[in-house]
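Structure data follow from my_file08.cif (mmCIF, C-alpha atoms and all ligand atoms):
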```cif
data_structure
loop_
_atom_site.label_atom_id
_atom_site.label_comp_id
_atom_site.auth_asym_id
_atom_site.auth_seq_id
_atom_site.Cartn_x
_atom_site.Cartn_y
_atom_site.Cartn_z
CA MET A 353 76.07 63.06 -98.25
CA PRO A 354 76.50 60.43 -95.49
CA ARG A 355 73.60 60.39 -93.03
CA VAL A 356 75.76 61.24 -89.99
CA VAL A 357 77.19 64.35 -91.65
CA LEU A 358 73.72 65.44 -92.66
CA LEU A 359 72.39 64.89 -89.13
CA VAL A 360 75.30 66.77 -87.60
CA SER A 361 74.91 69.79 -89.84
CA LEU A 362 71.14 69.82 -89.37
CA VAL A 363 71.43 69.68 -85.60
CA ALA A 364 74.17 72.34 -85.59
CA VAL A 365 71.92 74.67 -87.58
CA LEU A 366 68.94 73.94 -85.31
CA ALA A 367 71.02 74.53 -82.18
CA MET A 368 72.12 77.92 -83.48
CA ALA A 369 68.65 78.91 -84.60
CA THR A 370 66.74 78.07 -81.43
CA GLY A 371 66.57 80.05 -78.19
CA ASP A 372 65.66 76.92 -76.21
CA PRO A 373 67.53 77.11 -72.86
CA ALA A 374 67.98 73.32 -72.80
CA VAL A 375 69.76 73.50 -76.14
CA ALA A 376 71.79 76.49 -74.94
CA ALA A 377 72.77 74.50 -71.81
CA ALA A 378 73.73 71.51 -73.96
CA ARG A 379 75.94 73.86 -75.96
CA GLY A 380 77.72 74.89 -72.75
CA GLY A 381 75.78 78.09 -72.02
CA GLY A 382 76.34 79.51 -75.47
CA HIS A 383 80.02 78.50 -75.77
CA GLY A 384 81.03 75.49 -77.77
CA ARG A 385 79.61 73.43 -80.52
CA LEU A 386 76.94 70.76 -80.15
CA ILE A 387 77.56 67.54 -82.06
CA HIS A 388 74.65 65.12 -82.33
CA LEU A 389 75.29 61.55 -83.48
CA LEU A 390 72.84 58.67 -83.78
CA PHE A 391 73.97 55.09 -84.18
CA TYR A 392 73.09 51.53 -83.28
CA MET A 393 75.21 49.24 -81.13
CA HIS A 394 75.23 45.48 -81.68
CA ASP A 395 75.96 43.60 -78.45
CA ILE A 396 76.44 39.96 -79.45
CA THR A 397 77.08 37.80 -76.38
CA GLY A 398 77.28 34.38 -78.05
CA GLY A 399 77.13 32.39 -81.26
CA PRO A 400 78.66 33.40 -84.59
CA GLY A 401 80.02 36.95 -84.75
CA GLN A 402 80.25 37.24 -80.95
CA THR A 403 81.54 40.70 -79.88
CA ALA A 404 81.02 40.60 -76.10
CA VAL A 405 82.58 38.09 -73.71
CA GLN A 406 81.91 37.61 -70.02
CA VAL A 407 85.28 37.78 -68.25
CA ILE A 408 84.15 37.84 -64.60
CA LYS A 409 81.50 35.56 -63.16
CA GLY A 410 80.31 37.07 -59.88
CA PRO A 411 80.81 34.57 -57.01
CA GLY A 412 77.75 35.70 -55.06
CA PRO A 413 74.23 34.26 -54.93
CA ALA A 414 71.96 34.43 -57.99
CA HIS A 415 70.72 37.93 -58.78
CA PRO A 416 67.15 38.44 -57.52
CA VAL A 417 65.74 39.84 -60.79
CA MET A 418 68.18 38.60 -63.44
CA PRO A 419 68.01 34.81 -63.62
CA GLY A 420 71.37 33.18 -64.29
CA SER A 421 73.25 36.38 -63.45
CA HIS A 422 75.30 37.34 -60.41
CA PHE A 423 76.31 40.63 -58.81
CA GLY A 424 79.69 41.55 -60.31
CA ASP A 425 79.26 39.72 -63.64
CA THR A 426 81.47 41.66 -66.05
CA THR A 427 81.58 41.60 -69.83
CA VAL A 428 84.15 43.09 -72.21
CA MET A 429 82.80 44.28 -75.52
CA ASP A 430 84.03 45.36 -78.92
CA ASP A 431 80.57 46.02 -80.36
CA ALA A 432 79.95 47.31 -83.89
CA LEU A 433 78.22 50.68 -84.24
CA THR A 434 76.11 50.99 -87.36
CA GLU A 435 74.25 53.77 -89.14
CA GLY A 436 70.92 51.92 -89.08
CA PRO A 437 69.49 49.21 -86.79
CA GLY A 438 70.16 46.35 -89.26
CA ALA A 439 73.18 44.09 -88.70
CA SER A 440 74.35 44.72 -92.30
CA SER A 441 74.02 48.50 -92.03
CA ARG A 442 77.18 50.58 -92.63
CA VAL A 443 79.67 50.37 -89.72
CA LEU A 444 80.57 53.78 -88.23
CA GLY A 445 82.76 52.58 -85.37
CA ARG A 446 83.17 50.28 -82.38
CA ALA A 447 82.11 50.56 -78.73
CA ARG A 448 84.96 49.19 -76.64
CA GLY A 449 84.83 48.73 -72.88
CA THR A 450 83.07 46.88 -70.11
CA TYR A 451 79.74 46.53 -68.37
CA THR A 452 79.29 45.12 -64.87
CA LEU A 453 76.12 44.02 -63.09
CA ALA A 454 76.55 46.54 -60.28
CA SER A 455 73.20 46.59 -58.47
CA LEU A 456 72.41 44.08 -55.72
CA GLY A 457 68.69 44.27 -56.37
CA ALA A 458 67.92 45.87 -59.74
CA PRO A 459 68.89 44.97 -63.32
CA VAL A 460 71.42 47.80 -63.50
CA LEU A 461 74.73 47.64 -65.35
CA SER A 462 77.62 50.03 -64.81
CA VAL A 463 78.98 50.87 -68.28
CA SER A 464 82.41 52.25 -69.10
CA MET A 465 83.27 52.45 -72.78
CA THR A 466 85.04 54.36 -75.49
CA VAL A 467 83.32 54.89 -78.82
CA ALA A 468 85.95 54.74 -81.57
CA LEU A 469 84.59 56.26 -84.78
CA THR A 470 86.00 54.67 -87.92
CA GLY A 471 83.79 56.12 -90.62
CA GLY A 472 81.89 59.25 -91.49
CA ALA A 473 82.90 62.78 -90.61
CA TYR A 474 84.61 61.90 -87.29
CA ASN A 475 86.80 58.99 -88.40
CA GLY A 476 89.68 58.60 -85.90
CA SER A 477 87.99 60.49 -83.05
CA THR A 478 86.79 58.86 -79.82
CA ILE A 479 84.06 59.60 -77.26
CA ALA A 480 84.33 58.39 -73.63
CA VAL A 481 80.99 57.29 -72.15
CA ALA A 482 80.20 56.24 -68.56
CA GLY A 483 77.07 55.65 -66.53
CA LEU A 484 74.34 53.29 -65.43
CA ASP A 485 72.21 51.22 -67.75
CA ASP A 486 68.97 50.14 -66.06
CA ILE A 487 67.86 47.56 -68.59
CA SER A 488 64.29 47.63 -67.24
CA ALA A 489 63.90 51.33 -68.19
CA SER A 490 62.79 52.19 -71.72
CA ALA A 491 65.27 55.10 -71.96
CA ARG A 492 68.53 55.44 -70.07
CA GLU A 493 70.90 58.39 -69.85
CA LEU A 494 74.65 57.99 -69.66
CA ALA A 495 77.31 60.71 -69.55
CA VAL A 496 79.76 61.81 -72.22
CA VAL A 497 82.85 62.34 -70.04
CA GLY A 498 85.44 63.28 -72.65
CA GLY A 499 86.91 62.42 -75.98
CA THR A 500 89.78 62.75 -78.41
CA GLY A 501 90.26 64.33 -81.84
CA ALA A 502 87.09 66.22 -82.77
CA PHE A 503 85.71 65.34 -79.30
CA ARG A 504 88.53 66.78 -77.15
CA ARG A 505 87.09 68.05 -73.84
CA ALA A 506 83.61 66.91 -74.85
CA THR A 507 80.79 66.95 -72.30
CA GLY A 508 77.23 65.79 -72.77
CA HIS A 509 74.94 62.83 -72.57
CA VAL A 510 73.85 59.71 -74.41
CA LEU A 511 70.22 58.62 -74.61
CA TRP A 512 70.30 54.85 -74.69
CA ARG A 513 67.39 52.59 -75.70
CA THR A 514 66.97 48.94 -76.54
CA ALA A 515 66.01 49.03 -80.22
CA LYS A 516 65.38 45.32 -80.75
CA MET A 517 66.50 41.77 -80.02
CA GLU A 518 67.93 40.40 -83.26
CA SER A 519 68.24 37.01 -81.52
CA ARG A 520 68.59 35.74 -77.94
CA ASP A 521 72.31 36.66 -78.03
CA HIS A 522 72.16 39.78 -80.20
CA MET A 523 70.78 42.96 -78.66
CA VAL A 524 70.57 46.15 -80.73
CA LEU A 525 70.78 49.40 -78.79
CA GLU A 526 70.03 52.88 -80.10
CA LEU A 527 72.55 55.50 -78.93
CA ASP A 528 71.65 59.16 -79.33
CA VAL A 529 74.80 61.15 -78.48
CA TYR A 530 74.73 64.87 -77.61
CA ALA A 531 78.27 66.14 -77.12
CA THR A 532 79.39 69.73 -76.70
CA VAL A 533 82.98 70.55 -77.56
CA PRO A 534 84.68 73.86 -76.76
CA GLY A 535 85.32 76.42 -79.48
CA ALA A 536 84.15 76.54 -83.04
CA ALA A 537 87.26 75.31 -84.84
CA PRO A 538 87.78 71.58 -85.46
CA ALA A 539 90.59 70.04 -83.42
CA PRO A 540 93.87 69.47 -85.29
CA PRO A 541 94.51 65.85 -86.34
CA PRO A 542 96.10 63.79 -83.51
CA ARG A 543 99.19 62.94 -85.64
CA ALA A 544 100.31 66.61 -85.53
CA ASP A 545 101.13 66.32 -81.80
CA VAL A 546 103.21 63.21 -82.32
CA VAL A 547 105.25 65.04 -84.95
CA VAL A 548 105.76 68.07 -82.67
CA HIS A 549 106.90 65.90 -79.75
CA GLN A 550 109.27 63.99 -81.98
CA ALA A 551 110.72 67.28 -83.28
CA ALA A 552 111.25 68.53 -79.70
CA LEU A 553 112.95 65.25 -78.80
CA ASN A 554 115.29 65.49 -81.82
CA HIS A 555 116.13 69.07 -80.87
CA ASN A 556 117.06 68.04 -77.30
CA LEU A 557 119.31 65.30 -78.64
CA ASP A 558 121.15 67.66 -81.03
C1 LIG B 1 89.49 56.26 -91.48
O1 LIG B 1 90.82 56.64 -91.18
C2 LIG B 1 91.77 55.59 -91.39
C3 LIG B 1 93.12 56.10 -90.86
O2 LIG B 1 93.42 57.37 -91.33
C4 LIG B 1 91.78 55.25 -92.87
O3 LIG B 1 92.70 54.20 -93.10
C5 LIG B 1 90.40 54.78 -93.28
O4 LIG B 1 90.35 54.52 -94.66
C6 LIG B 1 89.35 55.83 -92.92
N1 LIG B 1 88.05 55.27 -93.15
C7 LIG B 1 87.08 55.95 -93.76
C8 LIG B 1 85.80 55.22 -93.93
O5 LIG B 1 87.21 57.09 -94.16
#
```
Take the structure in the file and give it back as structure tokens.
Ligand SMILES: *[C@@H]1O[C@H](CO)[C@@H](O)[C@H](O)[C@H]1NC(C)=O
Amino acid sequence: MPRVVLLVSLVAVLAMATGDPAVAAARGGGHGRLIHLLFYMHDITGGPGQTAVQVIKGPGPAHPVMPGSHFGDTTVMDDALTEGPGASSRVLGRARGTYTLASLGAPVLSVSMTVALTGGAYNGSTIAVAGLDDISASARELAVVGGTGAFRRATGHVLWRTAKMESRDHMVLELDVYATVPGAAPAPPPRADVVVHQAALNHNLD
């Protein structure tokens, strides 16, 4: 059984078994299903296998606590998400989006990204994540603001930690995702809607 599936079923069982109010709140006050995912994000900003590229160089003065960086510096990423922290670990998806140095005085990035899952139980589904990443804090919390497929109308949070520096240009982040989705039934596959819309269109043309 793949590790993600195992984790998800374990957490689902735990969430149902416990009376912990925090868990109940995470489940949406008793409605909805909690999905817990754990994966590692590889942000490679240079060298071979680069996945993140700076597209805006802030024009302002040097940042007071981040040498070589400027307020407004913005990077676009298409980072691999893996099951374990190793670079050769099984790929479960990609984190696609941007991060911007958005604090004038602190090492704080504003992150906006979509997690596209390409393996495991949620292949084809996406999770939208937004929030602040204070890189000086050991643990950060970002928000799950939505999703598609199995994550339609998801709410929740992501605990975000720096796992290790593989090299100067390769940072590995641990992402612990807690998403609550409404209802107990899995969402229908996205293709079904396309078919329905196409059928309606054909009908109107008849
Ligand atoms: C994920 O879904 C795509 C599209 O349906 C499919 O081509 C691919 O083989 C799937 N990958 C895995 C690991 O199941």
Give one line per residue of chain A that approaches ligand LIG 1 (chain B) to at most 10 Å, naming the two atoms of the closest pair and their distance in Å to one decimal, counting all atoms listed in the file; sort by chain then ascending residue number and deliver it as a Markdown table.
```
| residue | atom | partner | partner_atom | distance |
| --- | --- | --- | --- | --- |
| A:Arg442 | CA | B:LIG1 | C8 | 9.9 |
| A:Val443 | CA | B:LIG1 | C8 | 8.9 |
| A:Leu444 | CA | B:LIG1 | C8 | 7.9 |
| A:Gly445 | CA | B:LIG1 | C8 | 9.5 |
| A:Leu469 | CA | B:LIG1 | C1 | 8.3 |
| A:Thr470 | CA | B:LIG1 | C1 | 5.2 |
| A:Gly471 | CA | B:LIG1 | C8 | 4.0 |
| A:Gly472 | CA | B:LIG1 | C8 | 6.1 |
| A:Ala473 | CA | B:LIG1 | O5 | 8.0 |
| A:Tyr474 | CA | B:LIG1 | C1 | 8.6 |
| A:Asn475 | CA | B:LIG1 | C1 | 4.9 |
| A:Gly476 | CA | B:LIG1 | O1 | 5.7 |
| A:Ser477 | CA | B:LIG1 | O1 | 9.4 |
| A:Pro541 | CA | B:LIG1 | O2 | 9.9 |
| A:Arg543 | CA | B:LIG1 | O2 | 9.8 |
```
**Message:** I need the residue nearest A:Glu526 from this list: A:Val497, A:Gly424, A:Pro437, A:Pro419. Use only C-alpha atoms for the distance.
**Reply:** A:Pro437
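The two atoms in question, atom CA of A:Pro400 and atom CA of A:Leu525, are spaced 18.8 Å apart.
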**Request:** May I ask which of the residues A:Gly449, A:Pro459, A:Gly410, A:Gly398 is the closest one to A:Ala480, counting all atoms listed in the file?
**Result:** A:Gly449
**Request:** Could you jot down the atom CA of A:Gly384 to atom CA of A:Gly498 separation for me, Å, one decimal place?
**Result:** 14.0 Å
**Asked** Which residues, written as a list in words, have at least one atom at most 10 Å from A:Leu453, with all atoms listed in the file counted and residues fewer than 5 positions away on the same chain left out?
**Response** Gly410, His415, Met418, Ser421, His422, Phe423, Gly424, Asp425, Thr426, Thr427, Ala458, Pro459, Val460, Leu461, Ser462, Val463, Leu484, Asp485 and Asp486 of chain A
**Message:** So that I can see what lies close to A:Lys516, please list as a list in words the residues with an atom at most 10 Å from it, counting all atoms listed in the file and leaving out residues fewer than 2 positions away in the same chain.
**Reply:** His394, Pro437, Gly438, Arg513, Thr514, Glu518, Ser519, His522, Met523, Val524, Leu525 and Glu526 of chain A
Using C-alpha atoms, can you export the residues from the last selection as a compact mmCIF listing (two decimals), keeping the file's coordinate frame?
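Once written, part_7.txt looks like this:
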```txt
# COMPACT_ATOMS: atom_id res chain seq x y z
CA HIS A 394 75.23 45.48 -81.68
CA PRO A 437 69.49 49.21 -86.79
CA GLY A 438 70.16 46.35 -89.26
CA ARG A 513 67.39 52.59 -75.70
CA THR A 514 66.97 48.94 -76.54
CA GLU A 518 67.93 40.40 -83.26
CA SER A 519 68.24 37.01 -81.52
CA HIS A 522 72.16 39.78 -80.20
CA MET A 523 70.78 42.96 -78.66
CA VAL A 524 70.57 46.15 -80.73
CA LEU A 525 70.78 49.40 -78.79
CA GLU A 526 70.03 52.88 -80.10
```
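Take the candidates A:Thr532, A:Thr397, A:Thr450, A:Gln406 and check each one against A:Val467 using only C-alpha atoms; the shortest distance goes to A:Thr450.
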**Request:** Could you check how far atom CA of A:Thr434 sits from atom CA of A:Tyr392, in Å to one decimal?
**Result:** 5.1 Å
Keeping C-alpha atoms, write stretch 401-511 of chain A of the structure just shown out as a PDB file, in the first residue's frame.
```pdb
ATOM      1  CA  GLY A 401      17.685  20.384 -12.293  1.00  0.00           C
ATOM      2  CA  GLN A 402      16.659  23.965 -11.470  1.00  0.00           C
ATOM      3  CA  THR A 403      12.898  24.209 -10.718  1.00  0.00           C
ATOM      4  CA  ALA A 404      12.574  27.787  -9.433  1.00  0.00           C
ATOM      5  CA  VAL A 405      13.488  30.935 -11.369  1.00  0.00           C
ATOM      6  CA  GLN A 406      13.586  34.510 -10.153  1.00  0.00           C
ATOM      7  CA  VAL A 407      11.420  36.552 -12.538  1.00  0.00           C
ATOM      8  CA  ILE A 408      11.303  39.895 -10.689  1.00  0.00           C
ATOM      9  CA  LYS A 409      14.311  41.572  -9.139  1.00  0.00           C
ATOM     10  CA  GLY A 410      13.063  44.169  -6.661  1.00  0.00           C
ATOM     11  CA  PRO A 411      14.413  47.638  -7.573  1.00  0.00           C
ATOM     12  CA  GLY A 412      14.662  48.843  -3.973  1.00  0.00           C
ATOM     13  CA  PRO A 413      17.633  48.944  -1.600  1.00  0.00           C
ATOM     14  CA  ALA A 414      19.181  45.706  -0.299  1.00  0.00           C
ATOM     15  CA  HIS A 415      16.984  43.866   2.194  1.00  0.00           C
ATOM     16  CA  PRO A 416      18.135  44.521   5.780  1.00  0.00           C
ATOM     17  CA  VAL A 417      18.248  40.856   6.866  1.00  0.00           C
ATOM     18  CA  MET A 418      18.521  38.937   3.585  1.00  0.00           C
ATOM     19  CA  PRO A 419      21.848  39.761   1.934  1.00  0.00           C
ATOM     20  CA  GLY A 420      21.642  39.955  -1.854  1.00  0.00           C
ATOM     21  CA  SER A 421      17.837  40.116  -1.779  1.00  0.00           C
ATOM     22  CA  HIS A 422      15.456  42.999  -2.373  1.00  0.00           C
ATOM     23  CA  PHE A 423      11.886  43.765  -1.341  1.00  0.00           C
ATOM     24  CA  GLY A 424       9.669  42.474  -4.158  1.00  0.00           C
ATOM     25  CA  ASP A 425      12.011  39.733  -5.419  1.00  0.00           C
ATOM     26  CA  THR A 426       9.680  37.166  -6.975  1.00  0.00           C
ATOM     27  CA  THR A 427      10.343  33.582  -7.978  1.00  0.00           C
ATOM     28  CA  VAL A 428       8.205  31.212 -10.051  1.00  0.00           C
ATOM     29  CA  MET A 429       8.468  27.560  -9.121  1.00  0.00           C
ATOM     30  CA  ASP A 430       7.524  24.165 -10.467  1.00  0.00           C
ATOM     31  CA  ASP A 431       8.973  22.205  -7.541  1.00  0.00           C
ATOM     32  CA  ALA A 432       8.820  18.417  -7.242  1.00  0.00           C
ATOM     33  CA  LEU A 433       6.911  16.968  -4.282  1.00  0.00           C
ATOM     34  CA  THR A 434       8.258  13.655  -3.069  1.00  0.00           C
ATOM     35  CA  GLU A 435       7.167  10.995  -0.614  1.00  0.00           C
ATOM     36  CA  GLY A 436      10.402  11.159   1.395  1.00  0.00           C
ATOM     37  CA  PRO A 437      13.009  13.915   1.899  1.00  0.00           C
ATOM     38  CA  GLY A 438      15.521  12.397  -0.575  1.00  0.00           C
ATOM     39  CA  ALA A 439      15.804  13.898  -4.071  1.00  0.00           C
ATOM     40  CA  SER A 440      15.318  10.417  -5.628  1.00  0.00           C
ATOM     41  CA  SER A 441      12.243   9.616  -3.529  1.00  0.00           C
ATOM     42  CA  ARG A 442       8.993   8.858  -5.405  1.00  0.00           C
ATOM     43  CA  VAL A 443       7.405  11.986  -6.948  1.00  0.00           C
ATOM     44  CA  LEU A 444       3.805  12.594  -5.794  1.00  0.00           C
ATOM     45  CA  GLY A 445       3.201  15.911  -7.551  1.00  0.00           C
ATOM     46  CA  ARG A 446       4.418  19.438  -8.263  1.00  0.00           C
ATOM     47  CA  ALA A 447       4.074  22.723  -6.373  1.00  0.00           C
ATOM     48  CA  ARG A 448       3.424  25.422  -8.962  1.00  0.00           C
ATOM     49  CA  GLY A 449       3.212  29.123  -8.175  1.00  0.00           C
ATOM     50  CA  THR A 450       5.182  32.073  -6.875  1.00  0.00           C
ATOM     51  CA  TYR A 451       6.850  33.443  -3.788  1.00  0.00           C
ATOM     52  CA  THR A 452       7.653  37.109  -3.229  1.00  0.00           C
ATOM     53  CA  LEU A 453       9.872  38.737  -0.612  1.00  0.00           C
ATOM     54  CA  ALA A 454       7.033  40.798   0.841  1.00  0.00           C
ATOM     55  CA  SER A 455       8.365  42.122   4.150  1.00  0.00           C
ATOM     56  CA  LEU A 456      10.401  45.337   4.314  1.00  0.00           C
ATOM     57  CA  GLY A 457      12.235  44.233   7.433  1.00  0.00           C
ATOM     58  CA  ALA A 458      11.866  40.493   8.038  1.00  0.00           C
ATOM     59  CA  PRO A 459      12.760  37.425   5.954  1.00  0.00           C
ATOM     60  CA  VAL A 460       9.122  36.782   5.056  1.00  0.00           C
ATOM     61  CA  LEU A 461       7.914  35.438   1.723  1.00  0.00           C
ATOM     62  CA  SER A 462       4.338  35.650   0.482  1.00  0.00           C
ATOM     63  CA  VAL A 463       3.556  32.269  -1.109  1.00  0.00           C
ATOM     64  CA  SER A 464       0.800  31.509  -3.591  1.00  0.00           C
ATOM     65  CA  MET A 465       0.841  28.041  -5.097  1.00  0.00           C
ATOM     66  CA  THR A 466      -1.187  25.143  -6.356  1.00  0.00           C
ATOM     67  CA  VAL A 467      -0.184  21.615  -5.423  1.00  0.00           C
ATOM     68  CA  ALA A 468      -0.900  19.329  -8.393  1.00  0.00           C
ATOM     69  CA  LEU A 469      -0.933  15.697  -7.274  1.00  0.00           C
ATOM     70  CA  THR A 470       0.252  13.288  -9.957  1.00  0.00           C
ATOM     71  CA  GLY A 471       0.619  10.058  -8.026  1.00  0.00           C
ATOM     72  CA  GLY A 472      -0.912   8.165  -5.158  1.00  0.00           C
ATOM     73  CA  ALA A 473      -4.559   8.169  -4.177  1.00  0.00           C
ATOM     74  CA  TYR A 474      -5.265  11.779  -5.267  1.00  0.00           C
ATOM     75  CA  ASN A 475      -3.716  11.759  -8.753  1.00  0.00           C
ATOM     76  CA  GLY A 476      -5.285  14.593 -10.805  1.00  0.00           C
ATOM     77  CA  SER A 477      -6.529  16.610  -7.815  1.00  0.00           C
ATOM     78  CA  THR A 478      -5.110  20.000  -6.785  1.00  0.00           C
ATOM     79  CA  ILE A 479      -4.809  21.930  -3.512  1.00  0.00           C
ATOM     80  CA  ALA A 480      -4.562  25.755  -3.458  1.00  0.00           C
ATOM     81  CA  VAL A 481      -2.202  27.072  -0.759  1.00  0.00           C
ATOM     82  CA  ALA A 482      -1.550  30.695   0.269  1.00  0.00           C
ATOM     83  CA  GLY A 483       0.168  32.438   3.148  1.00  0.00           C
ATOM     84  CA  LEU A 484       3.350  33.807   4.647  1.00  0.00           C
ATOM     85  CA  ASP A 485       6.589  31.891   4.973  1.00  0.00           C
ATOM     86  CA  ASP A 486       8.840  33.425   7.635  1.00  0.00           C
ATOM     87  CA  ILE A 487      12.024  31.566   6.800  1.00  0.00           C
ATOM     88  CA  SER A 488      13.533  32.420  10.202  1.00  0.00           C
ATOM     89  CA  ALA A 489      10.768  30.475  12.023  1.00  0.00           C
ATOM     90  CA  SER A 490      11.224  26.741  12.538  1.00  0.00           C
ATOM     91  CA  ALA A 491       7.558  26.019  11.711  1.00  0.00           C
ATOM     92  CA  ARG A 492       5.287  28.111   9.522  1.00  0.00           C
ATOM     93  CA  GLU A 493       1.564  27.800   8.917  1.00  0.00           C
ATOM     94  CA  LEU A 494      -0.027  28.533   5.564  1.00  0.00           C
ATOM     95  CA  ALA A 495      -3.691  28.217   4.582  1.00  0.00           C
ATOM     96  CA  VAL A 496      -5.389  25.653   2.369  1.00  0.00           C
ATOM     97  CA  VAL A 497      -7.777  27.948   0.484  1.00  0.00           C
ATOM     98  CA  GLY A 498      -9.423  25.511  -1.909  1.00  0.00           C
ATOM     99  CA  GLY A 499      -8.854  22.728  -4.346  1.00  0.00           C
ATOM    100  CA  THR A 500     -10.155  20.648  -7.217  1.00  0.00           C
ATOM    101  CA  GLY A 501     -11.128  16.996  -7.702  1.00  0.00           C
ATOM    102  CA  ALA A 502     -10.955  15.228  -4.331  1.00  0.00           C
ATOM    103  CA  PHE A 503     -10.131  18.623  -2.745  1.00  0.00           C
ATOM    104  CA  ARG A 504     -13.150  20.625  -3.991  1.00  0.00           C
ATOM    105  CA  ARG A 505     -14.075  23.281  -1.391  1.00  0.00           C
ATOM    106  CA  ALA A 506     -11.178  22.213   0.822  1.00  0.00           C
ATOM    107  CA  THR A 507     -10.235  24.312   3.848  1.00  0.00           C
ATOM    108  CA  GLY A 508      -7.377  23.761   6.248  1.00  0.00           C
ATOM    109  CA  HIS A 509      -3.755  24.480   6.875  1.00  0.00           C
ATOM    110  CA  VAL A 510      -0.246  23.436   5.933  1.00  0.00           C
ATOM    111  CA  LEU A 511       2.556  23.112   8.489  1.00  0.00           C
TER     112      LEU A 511
END
```
